[in-house]
Every structure is written in structure tokens, then in C-alpha cells.
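Peer 1: First, the structure itself, so that you have it in front of you.
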Amino acid sequence: MIKALEHYAFFTVIVEEGSMTNAAARLGIPKSKLSRRLAVLEQQLGTQLLIRTTRAQHLTESGLLLYQHCKPHVDALFDAQHLVNDAVSSVKGKLSLLLPLEFFNKVIGQLITDFALAYPAVEIHCHHYSQYQPDIDYQYDLVFVLHEQPLPSSQWIAKTLLSFPQSIYCGQGYSHLRCTALNDLTKQQAIVAKPKEAWLFRQNNKTLVISPKTAMMLSSPEMRVQACQQGIGLLKLPDYIGKADHKLRSVKLPHALVALQLSLLYQNRTIAAKTRVFLDYFQSKIGCLSE
């Protein structure tokens, strides 16, 4: 199919340049190759397209008909190619992002705003999802995922960007805390993000799973923090959020929680300049949260 399109493109150039020599020079290919391509096209169509002499070339009736109908489509294909090349190589155009609701909006909102000011030719479309795993759609250029366990296999390429330490937090006035072992957590009221939420802890090379009692289930991370501040129950939080909140305190436990991973999904290894620039900017700014 691609070669067939090339045959028509080569033919239009031969007509426009007026000679096989000039056409070969414009296309940057040997004259003999161009001549063979013309012969193949004439054979496929079953008719002669050009009459060539030592001094000039002339279109046959079939050649003129083909050129008139072929030229607009060939031009459109070249225009499309230039548009794609420009979109891939230029830092401009629409950039669609899919982010987890868990990733606090204040941090990301400021980062995206700063990027928009630095690169006004990029039109950012930012969407959020609340479920544990996103419904991946090819309309998105970049999909960010927060996860504690390995991501399921897919056709998308995954890259881990950062690792966030986590802890169990409670309100400053929380008076029900009696935790000397991990199993004590199962007796505590907890504020969770999803049904049957599990807390994963590291013990040497093993993972320990704790299932806390649900006091409240709130999909909004801001609402979970507020509930924890009011003493409703315990809450699992990334340390960059929990340690910055003076109304919360961390619970001392014998084992550390499994770190929260931030991974990026993208469709293929060749990504547009706008996407690459945003990703580099994102990594340079968001790294402070893991410190």
C-alpha cells in the first residue's frame, strides 16, 4: 500500500519537473529507480502515462487524467505528513493527561499552571479518575498511576518515576490508640478509600497484609484527611502529606508500610516533543515530594 502511494507521488513529481532527471534530483533518488517506479505504475494501470523523447516528455491522455485526479490527494498526504512531523517535533498542541484523584490537586495544580505559563503553545487537558486502576484510553498522552503492587500487564509502556514512603496517621486528639504490634491495627477504626482496603507492610522480604476496621469510606483524599483530623479513625497517607499536616501525627509501628509508587504509562517509545518536555518538567519538580 505504501509503495503504491509512492508510485503516485513520484509520478506527480515527474510531471511537475518536466523530466526524469529533474524529478530524481528533487526526490533525492537515482534516476534509474524513478524510471522503474514509473514502469511499475504503468504496468499496474495497463496504460502508458508518459511519452518520453531525448528532448522532452509529454503526458498521454491517461497520464493527464491520472495527474489531474491524483495531484490533490498527493498534496493532501504531504500536508498531513508535514503536520504530523510538526506536531511530533514542536512543543505545541493538545496534551491530554490522566491523573489519580489521590494525587493531591494543590501540588499538581501548581505544577501544571507553572508549565502552562512556561509553554503557552501547549494546551493541557487534565482528567482525574477515582478508581484504583484507570480505564486506559488512547485519547490520553500520559497516564499517571499510584500503586503499591505491580501494575497489570498491558500494551502500554510503564515507567516508575518516584517512590513515596507512607505511614499510618491519626488525629492529634485520637485517644483510642493501642498499637504495639501490627495485628493491633485490625482492632482500630480506619478511614479508607475503597471497600476491603488492605494495608501492606514490609517484613524483610515478605509482605504482611493488615485489614483494618472501616469507620468511614471516602473517595476524596481531602475528606479522608479532615475525618482523620477530627479523630474518626486511622488513615494511611504518603509522608509528604502527613508530615506537613500539624493536625496529624504518625503512629509508631514495628514495620514500615509498603511505599507508594508513582508510575507513568504512555502508548509507545516515540513520544511527541510536547509530551517529552512536560514529562521532564514534571520529574524535575515533583521529585521534592519523595525527599
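Every chain in the C-alpha cells takes a letter, A first, then B, and so on in the order presented; its residues are numbered from 1, and the ligands are numbered from 1 following the presented order.
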Near Ala158 of chain A, counting only C-alpha atoms, which residues have an atom at most 12 Å away, once you skip same-chain residues fewer than 4 positions from it, shown as an NGL selection string?
Peer 2: :A and (142-145 or 150-154 or 261-269)
Peer 1: Within 10 Å of Gln203 of chain A, counting only C-alpha atoms, which residues qualify if same-chain residues fewer than 2 places away don't, as a list in words?
Peer 2: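 Contacts, with the query itself left out: Leu200, Phe201, Asn205, Lys206, Thr207, Leu208, Pro254, His255, Ala256, Leu257 and Val258 of chain A.
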Peer 1: Here is a test: counting only C-alpha atoms, which residue of A:Asn204, A:Tyr138, A:Leu99, A:Val91 is nearest to Glu123 of chain A?
Peer 2: A:Val91
Peer 1: Once DSSP has gone over the backbone, tell me which residues of segment 23-256 of chain A are in strand (DSSP E or B), as a PDB file with N, CA and C atoms, in the first residue's frame.
Peer 2:
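Once written, states35.pdb looks like this:
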```pdb
ATOM      1  N   LEU A  50       3.362   8.427 -19.860  1.00  0.00           N
ATOM      2  CA  LEU A  50       4.264   9.454 -20.384  1.00  0.00           C
ATOM      3  C   LEU A  50       4.882   8.991 -21.694  1.00  0.00           C
ATOM      4  N   ILE A  51       5.022   9.937 -22.611  1.00  0.00           N
ATOM      5  CA  ILE A  51       5.786   9.686 -23.834  1.00  0.00           C
ATOM      6  C   ILE A  51       7.075  10.487 -23.702  1.00  0.00           C
ATOM      7  N   ARG A  52       8.181   9.779 -23.641  1.00  0.00           N
ATOM      8  CA  ARG A  52       9.470  10.440 -23.424  1.00  0.00           C
ATOM      9  C   ARG A  52      10.324  10.356 -24.683  1.00  0.00           C
ATOM     10  N   GLN A  57       9.239  15.328 -22.563  1.00  0.00           N
ATOM     11  CA  GLN A  57       8.273  14.299 -22.175  1.00  0.00           C
ATOM     12  C   GLN A  57       6.872  14.900 -22.276  1.00  0.00           C
ATOM     13  N   HIS A  58       5.911  14.063 -22.634  1.00  0.00           N
ATOM     14  CA  HIS A  58       4.536  14.517 -22.806  1.00  0.00           C
ATOM     15  C   HIS A  58       3.601  13.528 -22.121  1.00  0.00           C
ATOM     16  N   LEU A  59       2.556  14.075 -21.531  1.00  0.00           N
ATOM     17  CA  LEU A  59       1.545  13.230 -20.918  1.00  0.00           C
ATOM     18  C   LEU A  59       0.628  12.636 -21.976  1.00  0.00           C
ATOM     19  N   GLY A  93       0.457  22.243  20.877  1.00  0.00           N
ATOM     20  CA  GLY A  93      -0.671  21.351  20.630  1.00  0.00           C
ATOM     21  C   GLY A  93      -1.312  20.867  21.921  1.00  0.00           C
ATOM     22  N   LYS A  94      -2.297  19.993  21.785  1.00  0.00           N
ATOM     23  CA  LYS A  94      -3.070  19.475  22.918  1.00  0.00           C
ATOM     24  C   LYS A  94      -2.298  18.366  23.621  1.00  0.00           C
ATOM     25  N   LEU A  95      -2.232  18.457  24.949  1.00  0.00           N
ATOM     26  CA  LEU A  95      -1.594  17.433  25.778  1.00  0.00           C
ATOM     27  C   LEU A  95      -2.622  16.925  26.777  1.00  0.00           C
ATOM     28  N   SER A  96      -3.031  15.651  26.636  1.00  0.00           N
ATOM     29  CA  SER A  96      -4.069  15.067  27.496  1.00  0.00           C
ATOM     30  C   SER A  96      -3.438  14.212  28.584  1.00  0.00           C
ATOM     31  N   LEU A  97      -3.771  14.526  29.838  1.00  0.00           N
ATOM     32  CA  LEU A  97      -3.218  13.829  30.993  1.00  0.00           C
ATOM     33  C   LEU A  97      -4.341  13.165  31.775  1.00  0.00           C
ATOM     34  N   LEU A  98      -4.056  11.986  32.323  1.00  0.00           N
ATOM     35  CA  LEU A  98      -4.986  11.299  33.211  1.00  0.00           C
ATOM     36  C   LEU A  98      -4.272  11.059  34.530  1.00  0.00           C
ATOM     37  N   LEU A  99      -4.828  11.614  35.612  1.00  0.00           N
ATOM     38  CA  LEU A  99      -4.190  11.577  36.923  1.00  0.00           C
ATOM     39  C   LEU A  99      -5.120  10.974  37.965  1.00  0.00           C
ATOM     40  N   PRO A 100      -4.558  10.291  38.966  1.00  0.00           N
ATOM     41  CA  PRO A 100      -5.407   9.768  40.039  1.00  0.00           C
ATOM     42  C   PRO A 100      -5.884  10.888  40.952  1.00  0.00           C
ATOM     43  N   VAL A 122       1.266  24.939  24.465  1.00  0.00           N
ATOM     44  CA  VAL A 122       0.740  23.613  24.806  1.00  0.00           C
ATOM     45  C   VAL A 122      -0.596  23.786  25.524  1.00  0.00           C
ATOM     46  N   GLU A 123      -1.625  23.134  24.987  1.00  0.00           N
ATOM     47  CA  GLU A 123      -2.980  23.197  25.558  1.00  0.00           C
ATOM     48  C   GLU A 123      -3.203  21.950  26.413  1.00  0.00           C
ATOM     49  N   ILE A 124      -3.176  22.128  27.736  1.00  0.00           N
ATOM     50  CA  ILE A 124      -3.260  20.984  28.647  1.00  0.00           C
ATOM     51  C   ILE A 124      -4.716  20.642  28.963  1.00  0.00           C
ATOM     52  N   HIS A 125      -5.045  19.345  28.805  1.00  0.00           N
ATOM     53  CA  HIS A 125      -6.352  18.813  29.202  1.00  0.00           C
ATOM     54  C   HIS A 125      -6.086  17.770  30.289  1.00  0.00           C
ATOM     55  N   CYS A 126      -6.485  18.086  31.514  1.00  0.00           N
ATOM     56  CA  CYS A 126      -6.188  17.213  32.649  1.00  0.00           C
ATOM     57  C   CYS A 126      -7.475  16.560  33.165  1.00  0.00           C
ATOM     58  N   HIS A 127      -7.466  15.242  33.248  1.00  0.00           N
ATOM     59  CA  HIS A 127      -8.621  14.474  33.726  1.00  0.00           C
ATOM     60  C   HIS A 127      -8.201  13.657  34.951  1.00  0.00           C
ATOM     61  N   HIS A 128      -9.187  13.314  35.805  1.00  0.00           N
ATOM     62  CA  HIS A 128      -8.904  12.530  37.006  1.00  0.00           C
ATOM     63  C   HIS A 128      -9.761  11.255  37.028  1.00  0.00           C
ATOM     64  N   TYR A 129      -9.251  10.258  37.736  1.00  0.00           N
ATOM     65  CA  TYR A 129     -10.025   9.039  37.967  1.00  0.00           C
ATOM     66  C   TYR A 129      -9.956   8.718  39.455  1.00  0.00           C
ATOM     67  N   LEU A 142      -0.431  10.824  28.443  1.00  0.00           N
ATOM     68  CA  LEU A 142       0.250  10.294  29.623  1.00  0.00           C
ATOM     69  C   LEU A 142      -0.795   9.905  30.670  1.00  0.00           C
ATOM     70  N   VAL A 143      -0.595   8.730  31.272  1.00  0.00           N
ATOM     71  CA  VAL A 143      -1.472   8.262  32.345  1.00  0.00           C
ATOM     72  C   VAL A 143      -0.604   8.005  33.579  1.00  0.00           C
ATOM     73  N   PHE A 144      -0.945   8.662  34.686  1.00  0.00           N
ATOM     74  CA  PHE A 144      -0.195   8.501  35.932  1.00  0.00           C
ATOM     75  C   PHE A 144      -0.963   7.567  36.859  1.00  0.00           C
ATOM     76  N   VAL A 145      -0.224   6.655  37.485  1.00  0.00           N
ATOM     77  CA  VAL A 145      -0.850   5.656  38.355  1.00  0.00           C
ATOM     78  C   VAL A 145      -0.094   5.598  39.677  1.00  0.00           C
ATOM     79  N   LEU A 146      -0.834   5.653  40.790  1.00  0.00           N
ATOM     80  CA  LEU A 146      -0.281   5.421  42.119  1.00  0.00           C
ATOM     81  C   LEU A 146      -0.615   3.983  42.513  1.00  0.00           C
ATOM     82  N   HIS A 147       0.383   3.236  42.918  1.00  0.00           N
ATOM     83  CA  HIS A 147       0.131   1.822  43.216  1.00  0.00           C
ATOM     84  C   HIS A 147       1.156   1.292  44.216  1.00  0.00           C
ATOM     85  N   ILE A 157       3.473   1.242  27.718  1.00  0.00           N
ATOM     86  CA  ILE A 157       4.802   1.190  28.324  1.00  0.00           C
ATOM     87  C   ILE A 157       4.714   1.843  29.695  1.00  0.00           C
ATOM     88  N   ALA A 158       5.247   1.174  30.720  1.00  0.00           N
ATOM     89  CA  ALA A 158       5.196   1.679  32.092  1.00  0.00           C
ATOM     90  C   ALA A 158       6.597   2.090  32.552  1.00  0.00           C
ATOM     91  N   LYS A 159       6.655   3.215  33.229  1.00  0.00           N
ATOM     92  CA  LYS A 159       7.912   3.720  33.776  1.00  0.00           C
ATOM     93  C   LYS A 159       7.662   4.232  35.188  1.00  0.00           C
ATOM     94  N   THR A 160       8.394   3.687  36.173  1.00  0.00           N
ATOM     95  CA  THR A 160       8.257   4.154  37.544  1.00  0.00           C
ATOM     96  C   THR A 160       9.059   5.436  37.727  1.00  0.00           C
ATOM     97  N   LEU A 161       8.382   6.480  38.223  1.00  0.00           N
ATOM     98  CA  LEU A 161       9.021   7.784  38.377  1.00  0.00           C
ATOM     99  C   LEU A 161       9.559   8.004  39.785  1.00  0.00           C
ATOM    100  N   LEU A 162       8.723   7.710  40.782  1.00  0.00           N
ATOM    101  CA  LEU A 162       9.073   8.028  42.160  1.00  0.00           C
ATOM    102  C   LEU A 162       8.511   6.984  43.112  1.00  0.00           C
ATOM    103  N   SER A 163       9.077   6.977  44.311  1.00  0.00           N
ATOM    104  CA  SER A 163       8.581   6.127  45.380  1.00  0.00           C
ATOM    105  C   SER A 163       8.317   7.015  46.594  1.00  0.00           C
ATOM    106  N   PHE A 164       7.103   6.930  47.150  1.00  0.00           N
ATOM    107  CA  PHE A 164       6.717   7.764  48.281  1.00  0.00           C
ATOM    108  C   PHE A 164       6.577   6.908  49.542  1.00  0.00           C
ATOM    109  N   GLN A 166       5.187   5.809  53.116  1.00  0.00           N
ATOM    110  CA  GLN A 166       3.863   6.002  53.705  1.00  0.00           C
ATOM    111  C   GLN A 166       3.888   5.651  55.186  1.00  0.00           C
ATOM    112  N   SER A 167       2.916   6.178  55.909  1.00  0.00           N
ATOM    113  CA  SER A 167       2.762   5.866  57.325  1.00  0.00           C
ATOM    114  C   SER A 167       1.279   5.848  57.671  1.00  0.00           C
ATOM    115  N   ILE A 168       0.993   5.321  58.859  1.00  0.00           N
ATOM    116  CA  ILE A 168      -0.365   5.384  59.401  1.00  0.00           C
ATOM    117  C   ILE A 168      -0.442   6.619  60.299  1.00  0.00           C
ATOM    118  N   TYR A 169      -1.495   7.426  60.070  1.00  0.00           N
ATOM    119  CA  TYR A 169      -1.643   8.675  60.816  1.00  0.00           C
ATOM    120  C   TYR A 169      -2.954   8.669  61.597  1.00  0.00           C
ATOM    121  N   CYS A 170      -2.968   9.479  62.658  1.00  0.00           N
ATOM    122  CA  CYS A 170      -4.192   9.701  63.426  1.00  0.00           C
ATOM    123  C   CYS A 170      -4.256  11.177  63.803  1.00  0.00           C
ATOM    124  N   GLY A 171      -5.414  11.614  64.254  1.00  0.00           N
ATOM    125  CA  GLY A 171      -5.557  12.999  64.703  1.00  0.00           C
ATOM    126  C   GLY A 171      -4.794  13.210  65.994  1.00  0.00           C
ATOM    127  N   GLN A 189     -10.399   1.647  64.315  1.00  0.00           N
ATOM    128  CA  GLN A 189     -11.256   2.212  63.285  1.00  0.00           C
ATOM    129  C   GLN A 189     -10.371   2.896  62.239  1.00  0.00           C
ATOM    130  N   ALA A 190     -10.732   2.739  60.974  1.00  0.00           N
ATOM    131  CA  ALA A 190      -9.908   3.310  59.905  1.00  0.00           C
ATOM    132  C   ALA A 190     -10.773   4.060  58.900  1.00  0.00           C
ATOM    133  N   ILE A 191     -10.176   5.046  58.297  1.00  0.00           N
ATOM    134  CA  ILE A 191     -10.813   5.808  57.213  1.00  0.00           C
ATOM    135  C   ILE A 191     -10.175   5.321  55.918  1.00  0.00           C
ATOM    136  N   VAL A 192     -10.967   4.712  55.040  1.00  0.00           N
ATOM    137  CA  VAL A 192     -10.412   4.054  53.857  1.00  0.00           C
ATOM    138  C   VAL A 192     -10.912   4.720  52.578  1.00  0.00           C
ATOM    139  N   TRP A 199      -3.829  -2.809  54.132  1.00  0.00           N
ATOM    140  CA  TRP A 199      -2.594  -2.085  54.393  1.00  0.00           C
ATOM    141  C   TRP A 199      -1.433  -3.075  54.315  1.00  0.00           C
ATOM    142  N   LEU A 200      -0.490  -2.782  53.459  1.00  0.00           N
ATOM    143  CA  LEU A 200       0.629  -3.691  53.202  1.00  0.00           C
ATOM    144  C   LEU A 200       1.883  -3.202  53.921  1.00  0.00           C
ATOM    145  N   PHE A 201       2.515  -4.105  54.681  1.00  0.00           N
ATOM    146  CA  PHE A 201       3.728  -3.783  55.424  1.00  0.00           C
ATOM    147  C   PHE A 201       4.882  -4.668  54.967  1.00  0.00           C
ATOM    148  N   ARG A 202       6.082  -4.135  55.067  1.00  0.00           N
ATOM    149  CA  ARG A 202       7.291  -4.881  54.725  1.00  0.00           C
ATOM    150  C   ARG A 202       7.881  -5.539  55.969  1.00  0.00           C
ATOM    151  N   GLN A 203       8.159  -6.833  55.864  1.00  0.00           N
ATOM    152  CA  GLN A 203       8.881  -7.543  56.908  1.00  0.00           C
ATOM    153  C   GLN A 203       9.949  -8.390  56.230  1.00  0.00           C
ATOM    154  N   LYS A 206       9.178 -10.275  52.972  1.00  0.00           N
ATOM    155  CA  LYS A 206       7.776 -10.663  52.916  1.00  0.00           C
ATOM    156  C   LYS A 206       6.881  -9.431  53.036  1.00  0.00           C
ATOM    157  N   THR A 207       5.657  -9.605  52.576  1.00  0.00           N
ATOM    158  CA  THR A 207       4.657  -8.554  52.693  1.00  0.00           C
ATOM    159  C   THR A 207       3.565  -9.017  53.648  1.00  0.00           C
ATOM    160  N   LEU A 208       3.316  -8.228  54.665  1.00  0.00           N
ATOM    161  CA  LEU A 208       2.256  -8.527  55.628  1.00  0.00           C
ATOM    162  C   LEU A 208       1.024  -7.712  55.274  1.00  0.00           C
ATOM    163  N   VAL A 209      -0.132  -8.351  55.296  1.00  0.00           N
ATOM    164  CA  VAL A 209      -1.378  -7.699  54.915  1.00  0.00           C
ATOM    165  C   VAL A 209      -2.248  -7.511  56.155  1.00  0.00           C
ATOM    166  N   ILE A 210      -2.630  -6.270  56.411  1.00  0.00           N
ATOM    167  CA  ILE A 210      -3.497  -5.942  57.536  1.00  0.00           C
ATOM    168  C   ILE A 210      -4.802  -5.363  56.993  1.00  0.00           C
ATOM    169  N   LYS A 213     -10.515  -2.139  60.440  1.00  0.00           N
ATOM    170  CA  LYS A 213     -11.970  -1.982  60.517  1.00  0.00           C
ATOM    171  C   LYS A 213     -12.358  -0.644  59.886  1.00  0.00           C
ATOM    172  N   THR A 214     -13.409  -0.653  59.085  1.00  0.00           N
ATOM    173  CA  THR A 214     -13.814   0.557  58.380  1.00  0.00           C
ATOM    174  C   THR A 214     -14.748   1.403  59.237  1.00  0.00           C
ATOM    175  N   ALA A 215     -14.303   2.623  59.508  1.00  0.00           N
ATOM    176  CA  ALA A 215     -15.158   3.594  60.181  1.00  0.00           C
ATOM    177  C   ALA A 215     -15.872   4.471  59.160  1.00  0.00           C
ATOM    178  N   MET A 216     -15.139   4.845  58.119  1.00  0.00           N
ATOM    179  CA  MET A 216     -15.686   5.648  57.033  1.00  0.00           C
ATOM    180  C   MET A 216     -14.972   5.270  55.748  1.00  0.00           C
ATOM    181  N   MET A 217     -15.686   5.338  54.651  1.00  0.00           N
ATOM    182  CA  MET A 217     -15.076   5.161  53.331  1.00  0.00           C
ATOM    183  C   MET A 217     -15.351   6.425  52.527  1.00  0.00           C
ATOM    184  N   LEU A 234      -7.949   5.925  62.013  1.00  0.00           N
ATOM    185  CA  LEU A 234      -6.607   5.958  61.449  1.00  0.00           C
ATOM    186  C   LEU A 234      -6.674   6.125  59.933  1.00  0.00           C
ATOM    187  N   LEU A 235      -5.577   6.601  59.378  1.00  0.00           N
ATOM    188  CA  LEU A 235      -5.541   6.876  57.938  1.00  0.00           C
ATOM    189  C   LEU A 235      -4.158   6.585  57.394  1.00  0.00           C
ATOM    190  N   LYS A 236      -4.106   5.897  56.250  1.00  0.00           N
ATOM    191  CA  LYS A 236      -2.835   5.671  55.555  1.00  0.00           C
ATOM    192  C   LYS A 236      -2.581   6.836  54.613  1.00  0.00           C
ATOM    193  N   LEU A 237      -1.396   7.431  54.734  1.00  0.00           N
ATOM    194  CA  LEU A 237      -1.071   8.604  53.926  1.00  0.00           C
ATOM    195  C   LEU A 237       0.387   8.577  53.490  1.00  0.00           C
ATOM    196  N   PRO A 238       0.688   9.130  52.312  1.00  0.00           N
ATOM    197  CA  PRO A 238       2.089   9.376  51.966  1.00  0.00           C
ATOM    198  C   PRO A 238       2.680  10.368  52.969  1.00  0.00           C
ATOM    199  N   LEU A 248      -2.118  16.191  62.373  1.00  0.00           N
ATOM    200  CA  LEU A 248      -1.963  14.736  62.333  1.00  0.00           C
ATOM    201  C   LEU A 248      -0.654  14.324  63.000  1.00  0.00           C
ATOM    202  N   ARG A 249      -0.613  13.092  63.467  1.00  0.00           N
ATOM    203  CA  ARG A 249       0.645  12.529  63.966  1.00  0.00           C
ATOM    204  C   ARG A 249       0.756  11.088  63.495  1.00  0.00           C
ATOM    205  N   SER A 250       1.966  10.659  63.241  1.00  0.00           N
ATOM    206  CA  SER A 250       2.186   9.300  62.742  1.00  0.00           C
ATOM    207  C   SER A 250       2.129   8.296  63.885  1.00  0.00           C
TER     208      SER A 250
END
```
Peer 1: Can you pull out every residue within 9 Å of segment 38-45 of chain A, counting only C-alpha atoms, but drop anything in the same chain fewer than 4 positions away, and send it as a PDB file with C-alpha atoms, in the first residue's frame?
Peer 2:
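Result went into result.pdb, see below:
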```
ATOM      1  CA  ALA A   4       1.603   2.213  -4.302  1.00  0.00           C
ATOM      2  CA  HIS A   7       4.314   5.462  -7.160  1.00  0.00           C
ATOM      3  CA  TYR A   8       1.617   8.124  -7.470  1.00  0.00           C
ATOM      4  CA  PHE A  10       6.703  10.023  -7.801  1.00  0.00           C
ATOM      5  CA  PHE A  11       4.529  10.315 -10.890  1.00  0.00           C
ATOM      6  CA  LYS A  33      14.946   3.851  -9.630  1.00  0.00           C
ATOM      7  CA  LEU A  34      12.445   6.534 -10.579  1.00  0.00           C
ATOM      8  CA  LEU A  49       1.308   7.591 -18.886  1.00  0.00           C
ATOM      9  CA  LEU A  50       4.264   9.454 -20.384  1.00  0.00           C
TER      10      LEU A  50
END
```
Peer 1: Near Glu102 of chain A, counting only C-alpha atoms, which residues have an atom at most 8 Å away, once you skip same-chain residues fewer than 3 positions from it, shown as a ChimeraX atom specification?
Peer 2: /A:130,146,220-221
Peer 1: Can you list, as an NGL selection string, every protein, DNA or RNA residue that comes within 10 Å of Thr21 of chain A when you count only C-alpha atoms, leaving out same-chain residues fewer than 3 positions away?
Peer 2: :A and (14 or 17-18 or 24-26 or 29-32 or 34-35)
Peer 1: Just asking: which residues within segment 7-160 of chain A are alpha helix (DSSP H) according to DSSP, as number ranges by chain?
Peer 2: A: 7-17, 20-27, 31-45, 61-89, 105-118
Peer 1: Save the residues we just selected, C-alpha atoms, as a short mmCIF file (atom, residue, chain, number, x, y, z; two decimals), in the first residue's frame?
Peer 2:
```
data_model
loop_
_atom_site.label_atom_id
_atom_site.label_comp_id
_atom_site.auth_asym_id
_atom_site.auth_seq_id
_atom_site.Cartn_x
_atom_site.Cartn_y
_atom_site.Cartn_z
CA HIS A 7 4.31 5.46 -7.16
CA TYR A 8 1.62 8.12 -7.47
CA ALA A 9 3.69 10.69 -5.57
CA PHE A 10 6.70 10.02 -7.80
CA PHE A 11 4.53 10.31 -10.89
CA THR A 12 3.25 13.77 -9.91
CA VAL A 13 6.82 14.97 -9.31
CA ILE A 14 7.92 13.69 -12.74
CA VAL A 15 5.08 15.62 -14.37
CA GLU A 16 5.80 18.80 -12.42
CA GLU A 17 9.56 18.76 -13.01
CA MET A 20 13.10 12.33 -15.15
CA THR A 21 16.48 13.91 -14.31
CA ASN A 22 14.98 16.91 -12.51
CA ALA A 23 12.43 14.75 -10.70
CA ALA A 24 15.14 12.36 -9.45
CA ALA A 25 17.17 15.34 -8.17
CA ARG A 26 14.14 16.76 -6.30
CA LEU A 27 13.30 13.43 -4.73
CA LYS A 31 17.05 8.29 -11.98
CA SER A 32 17.04 4.56 -12.72
CA LYS A 33 14.95 3.85 -9.63
CA LEU A 34 12.44 6.53 -10.58
CA SER A 35 12.20 5.14 -14.11
CA ARG A 36 11.48 1.65 -12.72
CA ARG A 37 8.76 3.04 -10.44
CA LEU A 38 7.07 4.71 -13.41
CA ALA A 39 7.23 1.47 -15.38
CA VAL A 40 5.65 -0.47 -12.50
CA LEU A 41 2.82 2.09 -12.23
CA GLU A 42 2.15 1.93 -15.99
CA GLN A 43 2.13 -1.86 -15.81
CA GLN A 44 -0.31 -1.84 -12.87
CA LEU A 45 -2.67 0.56 -14.65
CA GLU A 61 -4.47 11.17 -22.25
CA SER A 62 -4.39 8.58 -19.45
CA GLY A 63 -1.42 10.34 -17.87
CA LEU A 64 -3.20 13.69 -17.84
CA LEU A 65 -6.34 12.13 -16.34
CA LEU A 66 -4.30 10.42 -13.63
CA TYR A 67 -2.34 13.58 -12.80
CA GLN A 68 -5.46 15.75 -12.52
CA HIS A 69 -7.15 13.34 -10.13
CA CYS A 70 -4.02 12.25 -8.27
CA LYS A 71 -2.41 15.63 -7.58
CA PRO A 72 -4.87 16.92 -4.89
CA HIS A 73 -4.64 13.67 -2.93
CA VAL A 74 -0.85 13.53 -3.09
CA ASP A 75 -0.68 17.14 -1.88
CA ALA A 76 -3.05 16.30 0.97
CA LEU A 77 -0.88 13.35 2.01
CA PHE A 78 2.25 15.52 2.01
CA ASP A 79 0.41 18.17 4.04
CA ALA A 80 -0.67 15.52 6.54
CA GLN A 81 2.91 14.26 6.80
CA HIS A 82 4.19 17.78 7.47
CA LEU A 83 1.51 18.34 10.11
CA VAL A 84 2.42 15.10 11.90
CA ASN A 85 6.14 15.87 11.76
CA ASP A 86 5.48 19.34 13.12
CA ALA A 87 3.29 18.01 15.92
CA VAL A 88 5.92 15.45 16.94
CA SER A 89 8.88 17.83 16.86
CA ASN A 105 -4.64 18.61 43.41
CA LYS A 106 -2.83 21.54 45.03
CA VAL A 107 0.58 20.12 44.19
CA ILE A 108 -0.28 19.04 40.67
CA GLY A 109 -2.37 22.13 40.01
CA GLN A 110 0.54 24.42 40.76
CA LEU A 111 2.92 22.34 38.66
CA ILE A 112 0.59 22.32 35.65
CA THR A 113 -0.05 26.05 35.99
CA ASP A 114 3.69 26.78 36.04
CA PHE A 115 4.18 24.57 32.98
CA ALA A 116 1.35 26.33 31.12
CA LEU A 117 2.99 29.69 31.79
CA ALA A 118 6.36 28.41 30.58
#
```
